[in-house]
Every structure is written in C-alpha cells, then in structure tokens.
file my_file.pdb (PDB, C-alpha atoms)
ATOM      1  CA  MET Q   8      19.857  -1.227   5.841
ATOM      2  CA  TYR Q   9      17.507   0.473   3.382
ATOM      3  CA  SER Q  10      16.257   4.061   3.539
ATOM      4  CA  ALA Q  11      12.784   5.121   2.457
ATOM      5  CA  GLN Q  12      12.789   6.389  -1.119
ATOM      6  CA  PHE Q  13       9.799   8.613  -1.869
ATOM      7  CA  THR Q  14       8.402   8.261  -5.378
ATOM      8  CA  ALA Q  15       5.266  10.455  -5.355
ATOM      9  CA  GLU Q  16       3.588  13.074  -3.154
ATOM     10  CA  THR Q  17       0.136  14.655  -3.019
ATOM     11  CA  SER Q  18      -1.513  16.937  -0.468
ATOM     12  CA  SER Q  19      -5.192  17.478   0.332
ATOM     13  CA  ASN Q  20      -7.258  18.640   3.309
ATOM     14  CA  GLY Q  21      -4.235  19.035   5.563
ATOM     15  CA  ILE Q  22      -2.870  15.549   4.820
ATOM     16  CA  ILE Q  23       0.284  14.717   2.860
ATOM     17  CA  GLU Q  24       0.302  11.331   1.101
ATOM     18  CA  ARG Q  25       3.661   9.950  -0.061
ATOM     19  CA  ASP Q  26       4.397   6.732  -1.925
ATOM     20  CA  PHE Q  27       7.690   5.116  -0.965
ATOM     21  CA  THR Q  28       9.877   2.082  -1.403
ATOM     22  CA  VAL Q  29      12.128   0.364   1.120
ATOM     23  CA  GLY Q  30      14.259  -1.955  -0.943
ATOM     24  CA  GLU Q  31      11.763  -3.854  -3.099
ATOM     25  CA  VAL Q  32       8.843  -3.220  -0.736
ATOM     26  CA  THR Q  33       6.267  -0.623  -1.824
ATOM     27  CA  GLY Q  34       4.187   1.414   0.576
ATOM     28  CA  ALA Q  35       2.535   4.713   1.460
ATOM     29  CA  LEU Q  36       2.906   7.238   4.271
ATOM     30  CA  TRP Q  37       0.190   9.688   5.333
ATOM     31  CA  SER Q  38       1.257  12.640   7.505
ATOM     32  CA  PRO Q  39      -0.148  15.913   8.871
ATOM     33  CA  ALA Q  40       0.644  18.782   6.496
ATOM     34  CA  SER Q  41       1.522  20.992   9.476
ATOM     35  CA  PRO Q  42       3.444  20.026  12.644
ATOM     36  CA  THR Q  43       1.133  18.913  15.457
ATOM     37  CA  SER Q  44       3.658  19.332  18.279
ATOM     38  CA  GLU Q  45       6.435  21.685  19.315
ATOM     39  CA  SER Q  46       9.021  19.090  18.315
ATOM     40  CA  GLY Q  47       7.457  18.727  14.871
ATOM     41  CA  ARG Q  48       7.135  14.976  15.462
ATOM     42  CA  ALA Q  49       4.101  12.736  15.805
ATOM     43  CA  PRO Q  50       3.525   9.066  16.701
ATOM     44  CA  LEU Q  51       3.541   6.461  13.948
ATOM     45  CA  VAL Q  52       0.834   3.860  13.274
ATOM     46  CA  LEU Q  53       1.750   0.900  11.064
ATOM     47  CA  MET Q  54      -1.277  -0.458   9.232
ATOM     48  CA  GLY Q  55      -1.528  -3.915   7.645
ATOM     49  CA  HIS Q  56      -4.043  -4.593   4.866
ATOM     50  CA  GLY Q  57      -6.328  -7.565   4.324
ATOM     51  CA  GLY Q  58      -5.900 -10.465   1.925
ATOM     52  CA  GLY Q  59      -6.267  -9.587  -1.749
ATOM     53  CA  MET Q  60      -5.966  -5.871  -0.966
ATOM     54  CA  HIS Q  61      -3.016  -3.487  -1.163
ATOM     55  CA  ALA Q  62      -1.374  -0.615   0.715
ATOM     56  CA  LYS Q  63      -3.619   2.090  -0.769
ATOM     57  CA  ALA Q  64      -6.913   0.202  -1.010
ATOM     58  CA  PRO Q  65      -9.920   2.433  -0.224
ATOM     59  CA  ALA Q  66     -10.414   0.990   3.256
ATOM     60  CA  MET Q  67      -6.749   1.552   4.067
ATOM     61  CA  THR Q  68      -6.730   5.087   2.726
ATOM     62  CA  GLY Q  69      -9.898   5.942   4.640
ATOM     63  CA  ARG Q  70      -8.551   4.634   7.947
ATOM     64  CA  ALA Q  71      -5.224   6.360   7.406
ATOM     65  CA  GLN Q  72      -6.891   9.697   6.730
ATOM     66  CA  ARG Q  73      -8.956   9.405   9.920
ATOM     67  CA  LEU Q  74      -5.872   8.622  11.981
ATOM     68  CA  VAL Q  75      -4.059  11.648  10.558
ATOM     69  CA  ALA Q  76      -6.954  14.102  10.620
ATOM     70  CA  ASP Q  77      -8.416  13.139  14.009
ATOM     71  CA  GLY Q  78      -5.345  11.884  15.852
ATOM     72  CA  GLY Q  79      -2.452  13.775  14.304
ATOM     73  CA  PHE Q  80      -0.544  10.557  13.598
ATOM     74  CA  HIS Q  81       1.737   9.443  10.791
ATOM     75  CA  VAL Q  82       0.331   6.279   9.180
ATOM     76  CA  ALA Q  83       2.378   3.839   7.112
ATOM     77  CA  THR Q  84       1.235   0.903   5.001
ATOM     78  CA  ILE Q  85       3.177  -1.550   2.859
ATOM     79  CA  ASP Q  86       2.100  -4.071   0.231
ATOM     80  CA  ALA Q  87       2.283  -7.586   1.625
ATOM     81  CA  PRO Q  88       4.279 -10.136  -0.399
ATOM     82  CA  GLY Q  89       2.448 -10.987  -3.615
ATOM     83  CA  HIS Q  90       0.001  -8.075  -3.166
ATOM     84  CA  GLY Q  91      -0.357  -4.714  -4.848
ATOM     85  CA  GLY Q  92       2.307  -4.339  -7.507
ATOM     86  CA  ARG Q  93       4.599  -6.930  -5.931
ATOM     87  CA  PRO Q  94       5.230 -10.096  -7.965
ATOM     88  CA  ARG Q  95       3.763 -13.405  -6.874
ATOM     89  CA  THR Q  96       5.904 -16.474  -6.357
ATOM     90  CA  ALA Q  97       4.914 -19.903  -7.636
ATOM     91  CA  HIS Q  98       3.839 -20.715  -4.069
ATOM     92  CA  ASP Q  99       1.594 -17.637  -4.007
ATOM     93  CA  GLU Q 100      -0.066 -18.678  -7.262
ATOM     94  CA  GLN Q 101      -0.611 -22.223  -6.037
ATOM     95  CA  GLU Q 102      -2.214 -21.171  -2.748
ATOM     96  CA  ILE Q 103      -4.445 -18.579  -4.403
ATOM     97  CA  ALA Q 104      -5.621 -21.171  -6.947
ATOM     98  CA  VAL Q 105      -6.460 -23.648  -4.172
ATOM     99  CA  MET Q 106      -8.338 -20.929  -2.297
ATOM    100  CA  GLN Q 107     -10.355 -19.883  -5.351
ATOM    101  CA  LYS Q 108     -11.224 -23.498  -6.128
ATOM    102  CA  ALA Q 109     -12.510 -24.045  -2.585
ATOM    103  CA  MET Q 110     -14.594 -20.857  -2.721
ATOM    104  CA  ALA Q 111     -16.112 -21.855  -6.073
ATOM    105  CA  ALA Q 112     -17.053 -25.259  -4.647
ATOM    106  CA  GLY Q 113     -18.546 -23.754  -1.496
ATOM    107  CA  GLU Q 114     -15.939 -25.485   0.673
ATOM    108  CA  PRO Q 115     -14.383 -23.978   3.837
ATOM    109  CA  VAL Q 116     -11.466 -21.694   3.027
ATOM    110  CA  GLY Q 117     -10.325 -21.088   6.596
ATOM    111  CA  PRO Q 118      -7.609 -23.766   6.706
ATOM    112  CA  ILE Q 119      -6.189 -22.527   3.386
ATOM    113  CA  VAL Q 120      -6.234 -18.872   4.439
ATOM    114  CA  VAL Q 121      -4.594 -19.667   7.781
ATOM    115  CA  ARG Q 122      -1.833 -21.709   6.122
ATOM    116  CA  TYR Q 123      -1.142 -19.171   3.398
ATOM    117  CA  ASN Q 124      -1.257 -16.160   5.709
ATOM    118  CA  ALA Q 125       1.237 -17.831   8.058
ATOM    119  CA  HIS Q 126       3.580 -18.191   5.097
ATOM    120  CA  LEU Q 127       3.077 -14.535   4.158
ATOM    121  CA  ALA Q 128       3.771 -13.464   7.743
ATOM    122  CA  GLU Q 129       7.157 -15.178   7.693
ATOM    123  CA  ARG Q 130       8.069 -13.015   4.710
ATOM    124  CA  ALA Q 131       6.327  -9.811   5.797
ATOM    125  CA  VAL Q 132       7.534  -9.464   9.411
ATOM    126  CA  PRO Q 133      11.163  -8.667   8.486
ATOM    127  CA  GLU Q 134       9.875  -6.337   5.746
ATOM    128  CA  TRP Q 135       7.836  -4.413   8.314
ATOM    129  CA  GLN Q 136      10.830  -4.186  10.628
ATOM    130  CA  ALA Q 137      13.015  -2.837   7.825
ATOM    131  CA  THR Q 138      10.279  -0.341   6.938
ATOM    132  CA  LEU Q 139      10.030   0.822  10.545
ATOM    133  CA  ASP Q 140      13.808   1.253  10.668
ATOM    134  CA  ALA Q 141      13.673   3.398   7.526
ATOM    135  CA  LEU Q 142      10.711   5.536   8.619
ATOM    136  CA  GLN Q 143      12.245   6.259  12.014
ATOM    137  CA  GLU Q 144      15.151   7.866  10.186
ATOM    138  CA  LEU Q 145      12.775  10.624   9.041
ATOM    139  CA  PRO Q 146      13.052  13.765  11.196
ATOM    140  CA  GLU Q 147       9.262  14.103  11.486
ATOM    141  CA  ILE Q 148       9.020  10.609  13.026
ATOM    142  CA  GLY Q 149      12.322   9.886  14.778
ATOM    143  CA  ALA Q 150      13.580   6.815  16.583
ATOM    144  CA  GLU Q 151      12.148   7.607  20.012
ATOM    145  CA  GLY Q 152       8.479   8.183  19.182
ATOM    146  CA  PRO Q 153       5.707   5.721  20.068
ATOM    147  CA  VAL Q 154       4.555   3.187  17.459
ATOM    148  CA  GLY Q 155       1.211   1.421  17.075
ATOM    149  CA  TYR Q 156      -0.029  -1.354  14.785
ATOM    150  CA  TYR Q 157      -3.485  -1.601  13.178
ATOM    151  CA  GLY Q 158      -4.457  -4.625  11.109
ATOM    152  CA  LEU Q 159      -7.532  -6.801  10.596
ATOM    153  CA  THR Q 160      -7.916 -10.178   8.835
ATOM    154  CA  MET Q 161      -4.581 -10.816   7.088
ATOM    155  CA  GLY Q 162      -3.344  -7.656   8.815
ATOM    156  CA  THR Q 163      -3.811  -9.558  12.077
ATOM    157  CA  ALA Q 164      -2.146 -12.712  10.721
ATOM    158  CA  ILE Q 165       0.950 -10.615   9.998
ATOM    159  CA  GLY Q 166       0.592  -8.139  12.855
ATOM    160  CA  VAL Q 167       0.466 -10.606  15.737
ATOM    161  CA  PRO Q 168       3.864 -12.218  14.986
ATOM    162  CA  LEU Q 169       5.278  -8.780  14.169
ATOM    163  CA  THR Q 170       4.102  -7.315  17.474
ATOM    164  CA  ALA Q 171       5.418 -10.322  19.397
ATOM    165  CA  VAL Q 172       8.987  -9.687  18.205
ATOM    166  CA  GLU Q 173       8.960  -5.898  17.792
ATOM    167  CA  PRO Q 174       9.330  -4.031  21.112
ATOM    168  CA  ARG Q 175       8.860  -0.651  19.443
ATOM    169  CA  ILE Q 176       5.137  -1.403  18.995
ATOM    170  CA  THR Q 177       3.377  -0.379  22.203
ATOM    171  CA  ALA Q 178      -0.343  -0.658  21.295
ATOM    172  CA  ALA Q 179      -2.252  -2.616  18.650
ATOM    173  CA  VAL Q 180      -5.671  -3.129  17.086
ATOM    174  CA  PHE Q 181      -6.366  -6.636  15.741
ATOM    175  CA  GLY Q 182      -9.362  -8.749  14.780
ATOM    176  CA  LEU Q 183     -11.277 -10.964  12.374
ATOM    177  CA  PHE Q 184      -8.956 -13.958  12.277
ATOM    178  CA  TRP Q 185      -8.708 -17.572  13.433
ATOM    179  CA  PRO Q 186      -6.760 -18.543  16.597
ATOM    180  CA  ASP Q 187      -4.531 -21.109  14.872
ATOM    181  CA  PRO Q 188      -1.605 -20.636  14.664
ATOM    182  CA  LEU Q 189      -1.697 -17.177  16.276
ATOM    183  CA  ALA Q 190      -2.877 -18.070  19.786
ATOM    184  CA  GLU Q 191       0.510 -19.298  21.021
ATOM    185  CA  THR Q 192       2.181 -16.151  19.691
ATOM    186  CA  ALA Q 193      -0.541 -13.948  21.190
ATOM    187  CA  LYS Q 194       0.375 -15.307  24.625
ATOM    188  CA  GLN Q 195       3.688 -13.428  24.288
ATOM    189  CA  ILE Q 196       1.965 -10.058  23.764
ATOM    190  CA  THR Q 197       1.322  -7.876  26.819
ATOM    191  CA  ILE Q 198       0.746  -4.420  25.311
ATOM    192  CA  PRO Q 199      -2.743  -2.821  25.223
ATOM    193  CA  ILE Q 200      -4.977  -4.480  22.619
ATOM    194  CA  GLU Q 201      -8.276  -3.598  20.989
ATOM    195  CA  PHE Q 202      -9.877  -6.557  19.200
ATOM    196  CA  ALA Q 203     -12.720  -6.570  16.662
ATOM    197  CA  LEU Q 204     -15.058  -9.543  16.256
ATOM    198  CA  GLN Q 205     -18.138  -9.983  14.081
ATOM    199  CA  TRP Q 206     -20.775 -11.914  16.040
ATOM    200  CA  ASP Q 207     -22.313 -13.501  12.917
ATOM    201  CA  ASP Q 208     -19.045 -14.091  11.010
ATOM    202  CA  GLU Q 209     -19.705 -16.795   8.421
ATOM    203  CA  LEU Q 210     -15.990 -17.525   7.962
ATOM    204  CA  ILE Q 211     -14.598 -17.424  11.495
ATOM    205  CA  PRO Q 212     -16.698 -19.217  14.137
ATOM    206  CA  ARG Q 213     -17.537 -17.011  17.087
ATOM    207  CA  GLU Q 214     -15.712 -19.281  19.524
ATOM    208  CA  ASP Q 215     -12.572 -19.056  17.380
ATOM    209  CA  GLY Q 216     -12.562 -15.270  17.461
ATOM    210  CA  LEU Q 217     -13.116 -15.299  21.217
ATOM    211  CA  ALA Q 218     -10.291 -17.830  21.652
ATOM    212  CA  LEU Q 219      -7.813 -15.548  19.893
ATOM    213  CA  PHE Q 220      -8.892 -12.553  21.979
ATOM    214  CA  ASP Q 221      -8.538 -14.634  25.134
ATOM    215  CA  ALA Q 222      -5.011 -15.725  24.181
ATOM    216  CA  PHE Q 223      -3.455 -12.261  24.445
ATOM    217  CA  ALA Q 224      -1.583 -11.838  27.731
ATOM    218  CA  SER Q 225      -2.314  -8.103  27.836
ATOM    219  CA  LYS Q 226      -3.598  -6.710  31.118
ATOM    220  CA  GLU Q 227      -5.498  -4.125  29.107
ATOM    221  CA  LYS Q 228      -7.451  -5.585  26.210
ATOM    222  CA  THR Q 229     -10.892  -4.684  24.918
ATOM    223  CA  LEU Q 230     -13.245  -6.810  22.822
ATOM    224  CA  HIS Q 231     -15.438  -5.000  20.299
ATOM    225  CA  ALA Q 232     -18.125  -7.462  19.190
ATOM    226  CA  ASN Q 233     -20.594  -6.219  16.594
ATOM    227  CA  ALA Q 234     -23.577  -7.916  14.977
ATOM    228  CA  GLY Q 235     -23.042  -8.787  11.340
ATOM    229  CA  THR Q 236     -21.075 -10.960   8.962
ATOM    230  CA  HIS Q 237     -17.357 -10.970   8.197
ATOM    231  CA  MET Q 238     -17.522  -8.027   5.798
ATOM    232  CA  GLU Q 239     -19.934  -5.933   7.880
ATOM    233  CA  LEU Q 240     -17.526  -4.457  10.414
ATOM    234  CA  PRO Q 241     -19.039  -1.051  11.262
ATOM    235  CA  ARG Q 242     -17.139   1.971  10.010
ATOM    236  CA  PHE Q 243     -17.294   3.544  13.454
ATOM    237  CA  GLU Q 244     -14.727   0.972  14.606
ATOM    238  CA  ALA Q 245     -12.161   3.082  12.731
ATOM    239  CA  ASP Q 246     -13.108   6.022  14.977
ATOM    240  CA  SER Q 247     -12.660   3.788  18.009
ATOM    241  CA  ALA Q 248      -9.175   2.872  16.761
ATOM    242  CA  VAL Q 249      -8.288   6.576  16.615
ATOM    243  CA  ARG Q 250      -9.360   7.007  20.243
ATOM    244  CA  PHE Q 251      -7.473   3.861  21.270
ATOM    245  CA  PHE Q 252      -4.215   5.033  19.714
ATOM    246  CA  THR Q 253      -4.740   8.533  21.091
ATOM    247  CA  ARG Q 254      -4.876   7.051  24.608
ATOM    248  CA  HIS Q 255      -1.881   4.799  24.226
ATOM    249  CA  LEU Q 256       0.470   6.669  21.921
ATOM    250  CA  GLY Q 257       0.150   9.889  23.866
ATOM    251  CA  ARG Q 258      -1.088  12.248  21.154
ATOM    252  CA  PRO Q 259      -4.110  14.399  22.051
ATOM    253  CA  ALA Q 260      -6.822  14.170  19.414
ATOM    254  CA  THR Q 261      -7.796  17.339  17.586
TER     255      THR Q 261
END

call {"tool": "encode", "arguments": {"input": "my_file.pdb", "output": "structure tokens"}}
result
Amino acid sequence: MYSAQFTAETSSNGIIERDFTVGEVTGALWSPASPTSESGRAPLVLMGHGGGMHAKAPAMTGRAQRLVADGGFHVATIDAPGHGGRPRTAHDEQEIAVMQKAMAAGEPVGPIVVRYNAHLAERAVPEWQATLDALQELPEIGAEGPVGYYGLTMGTAIGVPLTAVEPRITAAVFGLFWPDPLAETAKQITIPIEFALQWDDELIPREDGLALFDAFASKEKTLHANAGTHMELPRFEADSAVRFFTRHLGRPAT
C-alpha cells in the first residue's frame, strides 16, 4: 500500500494546493487553508479529468477551487494513464493515432473514444482506489469522512466503473458520455447522481446521453440538460456541483 508523497505546495486565497504522488501516479490535492469544522476534517471530492487533459488543467483547477472555496471540501485529482506527465504505452499511442486520423478525415470518433476510454478505466480504477486509500490516511481527511466523485467525458468513463465498485463514494456528478459500455455498470449504481447533458452535442447523440442517465438505478438522480454543443457546458454547472455535494456530503456551504 502506497502513501501520498507531497512534492510541492502553494497557498493562495485561503486554498492550499499540493502536488503528490501515490506510487507512480501523479496528482494534486486542494484543501482549505484553515479548518472548516471542529474536527479539522472535511469531505473529499475525487475529480476525474477529460481526455487529452491532465490533473491540473485549467478547467480542473477552476472546479477544484470552487469546491474548496464555496463548499469547504478537499478535492483530489490524478493524471489518468498516458496523460499529464505519465508515459504512454504502445497501445495508447496506437489508439491516439487512430483517433486523430478519424478526426482529420471527419469520421465519427465515438467508437474509438469509447473503446480507448474503457481500456483506460481498467487501468485507472485501481489507481483511484489506491489514491483514496492514501489520502484517507491524512489526518485532515480521515477514513470515515464522506467521499464524492466528479467527472465529465473521460472522467465519466472512468468514474462510473469506479463508483460501481467503490462503496466509499456516496454521491457523484457525471455526464457527456456515450451509454456503451457504461449503461450495464450504471445499473449497479444507486447513490445520488447529477448528470450533465448538452442538448446539441455534435459528438454524443441526445438519445445516447439520455440512455446513460436512464440507466442509473439511483432513486435520486437529476438531469441537467443545457443548450449547446459538446464543449459549451455552462460554467454555472460547476456551481451546481458544489451545491449537490454540499447536500450529499454533509458540509454546509460558506
């Protein structure tokens, strides 16, 4: 079992940002600079990034800072296999080349993305579980606190199978992905879900997004459908995610 090894730390506007490694996996942890509860602990939100991005991409950093500043949470991200500074395998290189060729030719990339992301999920799920083990050793997080998961696009492709096998995750925000092969796994998930869908998504047909939302067995699940294309998810959805996790992880928003 690996422990989290912190390699860098900065602090700004009441938020501490720490880079860490768990084994060979690289990641980042954002935390409140001052304790937000009598115990000194706060809930943890795991956040998965999209394809071609990395743990500290601007969108990830922005969402993490909102979750810390407005919800008082700890937020952890890790680089998915072959992303960020992590080396790519020959399989990674092959799939990325096929994807780029299809995009250049104007051909559908969905089947390639789905296949490749399923492969990445097989590798990333145990990495996330090892990271969660390591972070719960920290006194400011602890092993008993609530845990959420927040991931769109590839973050959903990895997050759905992770959530299905990880009982410590008790609330999740997903969205912007195809139902195959996630729908069967989603049927195993019963925790509260918030799901984002772009009504005019040029990559994921509307009926596919609705099919994945419908597959979750959760008694409490909310669909957030916004006008716009795949890359036009409104920024206010990040604020909605803060409110969602505030309700379900038990931390009053500031």

call {"tool": "atom_distance", "arguments": {"input": "my_file.pdb", "atom1": "CA of Gln143 in chain Q", "atom2": "CA of Arg95 in chain Q"}}
result
28.6 Å

call {"tool": "resolve_selection", "arguments": {"input": "my_file.pdb", "expression": "the PyMOL selection byres ((chain Q and resi 113-124) around 8)", "output": "list in words"}}
result
Glu102, Val105, Met106, Ala109, Met110, Ala111, Ala112, Ala125, His126, Leu127, Ala128, Met161, Ala164, Ile165, Trp185, Asp187, Pro188, Leu210 and Ile211 of chain Q

call {"tool": "write_last_selection", "arguments": {"input": "my_file.pdb", "atoms": "C-alpha atoms", "output": "PDB file, in the frame of the given file"}}
result
ATOM      1  CA  GLU Q 102      -2.214 -21.171  -2.748  1.00  0.00           C
ATOM      2  CA  VAL Q 105      -6.460 -23.648  -4.172  1.00  0.00           C
ATOM      3  CA  MET Q 106      -8.338 -20.929  -2.297  1.00  0.00           C
ATOM      4  CA  ALA Q 109     -12.510 -24.045  -2.585  1.00  0.00           C
ATOM      5  CA  MET Q 110     -14.594 -20.857  -2.721  1.00  0.00           C
ATOM      6  CA  ALA Q 111     -16.112 -21.855  -6.073  1.00  0.00           C
ATOM      7  CA  ALA Q 112     -17.053 -25.259  -4.647  1.00  0.00           C
ATOM      8  CA  ALA Q 125       1.237 -17.831   8.058  1.00  0.00           C
ATOM      9  CA  HIS Q 126       3.580 -18.191   5.097  1.00  0.00           C
ATOM     10  CA  LEU Q 127       3.077 -14.535   4.158  1.00  0.00           C
ATOM     11  CA  ALA Q 128       3.771 -13.464   7.743  1.00  0.00           C
ATOM     12  CA  MET Q 161      -4.581 -10.816   7.088  1.00  0.00           C
ATOM     13  CA  ALA Q 164      -2.146 -12.712  10.721  1.00  0.00           C
ATOM     14  CA  ILE Q 165       0.950 -10.615   9.998  1.00  0.00           C
ATOM     15  CA  TRP Q 185      -8.708 -17.572  13.433  1.00  0.00           C
ATOM     16  CA  ASP Q 187      -4.531 -21.109  14.872  1.00  0.00           C
ATOM     17  CA  PRO Q 188      -1.605 -20.636  14.664  1.00  0.00           C
ATOM     18  CA  LEU Q 210     -15.990 -17.525   7.962  1.00  0.00           C
ATOM     19  CA  ILE Q 211     -14.598 -17.424  11.495  1.00  0.00           C
TER      20      ILE Q 211
END

call {"tool": "resolve_selection", "arguments": {"input": "my_file.pdb", "expression": "the PyMOL selection byres ((chain Q and resi 31) around 10)", "output": "PDB file with C-alpha atoms, keeping the file's coordinate frame"}}
result
ATOM      1  CA  TYR Q   9      17.507   0.473   3.382  1.00  0.00           C
ATOM      2  CA  THR Q  28       9.877   2.082  -1.403  1.00  0.00           C
ATOM      3  CA  VAL Q  29      12.128   0.364   1.120  1.00  0.00           C
ATOM      4  CA  GLY Q  30      14.259  -1.955  -0.943  1.00  0.00           C
ATOM      5  CA  VAL Q  32       8.843  -3.220  -0.736  1.00  0.00           C
ATOM      6  CA  THR Q  33       6.267  -0.623  -1.824  1.00  0.00           C
ATOM      7  CA  GLY Q  34       4.187   1.414   0.576  1.00  0.00           C
ATOM      8  CA  ARG Q  93       4.599  -6.930  -5.931  1.00  0.00           C
ATOM      9  CA  GLU Q 134       9.875  -6.337   5.746  1.00  0.00           C
TER      10      GLU Q 134
END

call {"tool": "residues_around", "arguments": {"input": "my_file.pdb", "residues": "Glu201 in chain Q", "least_positions_apart": "2", "cutoff": "9 Å", "atoms": "only C-alpha atoms", "output": "VMD selection string"}}
result
chain Q and resid 178 to 182 199 203 227 to 231 248 251

call {"tool": "residues_around", "arguments": {"input": "my_file.pdb", "residues": "Pro146 in chain Q", "least_positions_apart": "2", "cutoff": "12 Å", "atoms": "all atoms listed in the file", "output": "PyMOL selection string"}}
result
chain Q and resi 42+46-50+141-144+148-152

call {"tool": "closest_residue", "arguments": {"input": "my_file.pdb", "among": "Q:Tyr156, Q:Leu169, Q:Ala218, Q:Thr197", "to": "Ala137 in chain Q", "atoms": "all atoms listed in the file"}}
result
Q:Leu169

call {"tool": "closest_residue", "arguments": {"input": "my_file.pdb", "among": "Q:Ser41, Q:Thr177, Q:Gln12, Q:Asn233", "to": "Gln205 in chain Q", "atoms": "all atoms listed in the file"}}
result
Q:Asn233

call {"tool": "atom_distance", "arguments": {"input": "my_file.pdb", "atom1": "CA of Ala224 in chain Q", "atom2": "CA of Glu173 in chain Q"}}
result
15.7 Å

call {"tool": "resolve_selection", "arguments": {"input": "my_file.pdb", "expression": "the PyMOL selection byres ((chain Q and resi 243) around 12)", "output": "list in words"}}
result
Gly69, Arg70, Arg73, Ala203, His231, Asn233, Glu239, Leu240, Pro241, Arg242, Glu244, Ala245, Asp246, Ser247, Ala248, Val249 and Arg250 of chain Q

call {"tool": "closest_residue", "arguments": {"input": "my_file.pdb", "among": "Q:Met54, Q:Ala11, Q:Ala232, Q:His255", "to": "Ile198 in chain Q", "atoms": "all atoms listed in the file"}}
result
Q:His255

call {"tool": "closest_residue", "arguments": {"input": "my_file.pdb", "among": "Q:Leu189, Q:Ala234, Q:Leu183, Q:Met60", "to": "Gly216 in chain Q", "atoms": "only C-alpha atoms"}}
result
Q:Leu183

call {"tool": "atom_distance", "arguments": {"input": "my_file.pdb", "atom1": "CA of Leu53 in chain Q", "atom2": "CA of Thr84 in chain Q"}}
result
6.1 Å

call {"tool": "closest_residue", "arguments": {"input": "my_file.pdb", "among": "Q:Met238, Q:Ala104, Q:Val52, Q:Ala15", "to": "Ala66 in chain Q", "atoms": "all atoms listed in the file"}}
result
Q:Met238

call {"tool": "closest_residue", "arguments": {"input": "my_file.pdb", "among": "Q:Pro133, Q:Gly166, Q:Pro212, Q:Pro39", "to": "Leu74 in chain Q", "atoms": "all atoms listed in the file"}}
result
Q:Pro39

call {"tool": "residues_around", "arguments": {"input": "my_file.pdb", "residues": "Leu256 in chain Q", "least_positions_apart": "2", "cutoff": "8 Å", "atoms": "only C-alpha atoms", "output": "JSON, numbers by chain"}}
result
{"Q": [50, 153, 154, 155, 177, 178, 252, 253, 254, 258]}

call {"tool": "build_atoms", "arguments": {"input": "my_file.pdb", "residues": "range 163-178 of chain Q", "atoms": "N, CA and C atoms", "output": "CSV table (one decimal), in the frame of the given file"}}
result
chain,number,residue,atom,x,y,z
Q,163,THR,N,-4.0,-8.9,10.8
Q,163,THR,CA,-3.8,-9.6,12.1
Q,163,THR,C,-2.9,-10.7,12.0
Q,164,ALA,N,-3.0,-11.5,10.9
Q,164,ALA,CA,-2.1,-12.7,10.7
Q,164,ALA,C,-0.7,-12.3,10.6
Q,165,ILE,N,-0.4,-11.1,10.1
Q,165,ILE,CA,1.0,-10.6,10.0
Q,165,ILE,C,1.3,-9.8,11.2
Q,166,GLY,N,0.3,-9.1,11.8
Q,166,GLY,CA,0.6,-8.1,12.9
Q,166,GLY,C,0.9,-8.8,14.2
Q,167,VAL,N,0.2,-9.9,14.5
Q,167,VAL,CA,0.5,-10.6,15.7
Q,167,VAL,C,1.9,-11.1,15.8
Q,168,PRO,N,2.4,-11.8,14.9
Q,168,PRO,CA,3.9,-12.2,15.0
Q,168,PRO,C,4.8,-11.0,14.9
Q,169,LEU,N,4.4,-10.0,14.2
Q,169,LEU,CA,5.3,-8.8,14.2
Q,169,LEU,C,5.3,-8.1,15.5
Q,170,THR,N,4.2,-8.0,16.2
Q,170,THR,CA,4.1,-7.3,17.5
Q,170,THR,C,4.8,-8.1,18.5
Q,171,ALA,N,4.8,-9.5,18.4
Q,171,ALA,CA,5.4,-10.3,19.4
Q,171,ALA,C,6.9,-10.2,19.4
Q,172,VAL,N,7.5,-9.8,18.3
Q,172,VAL,CA,9.0,-9.7,18.2
Q,172,VAL,C,9.5,-8.3,18.1
Q,173,GLU,N,8.6,-7.3,18.0
Q,173,GLU,CA,9.0,-5.9,17.8
Q,173,GLU,C,8.6,-5.0,19.0
Q,174,PRO,N,9.6,-4.8,19.9
Q,174,PRO,CA,9.3,-4.0,21.1
Q,174,PRO,C,9.0,-2.6,20.9
Q,175,ARG,N,9.2,-2.0,19.7
Q,175,ARG,CA,8.9,-0.7,19.4
Q,175,ARG,C,7.3,-0.5,19.3
Q,176,ILE,N,6.6,-1.5,19.1
Q,176,ILE,CA,5.1,-1.4,19.0
Q,176,ILE,C,4.6,-1.5,20.4
Q,177,THR,N,3.8,-0.5,20.8
Q,177,THR,CA,3.4,-0.4,22.2
Q,177,THR,C,1.9,-0.4,22.4
Q,178,ALA,N,1.1,-0.5,21.2
Q,178,ALA,CA,-0.3,-0.7,21.3
Q,178,ALA,C,-0.8,-1.2,19.9
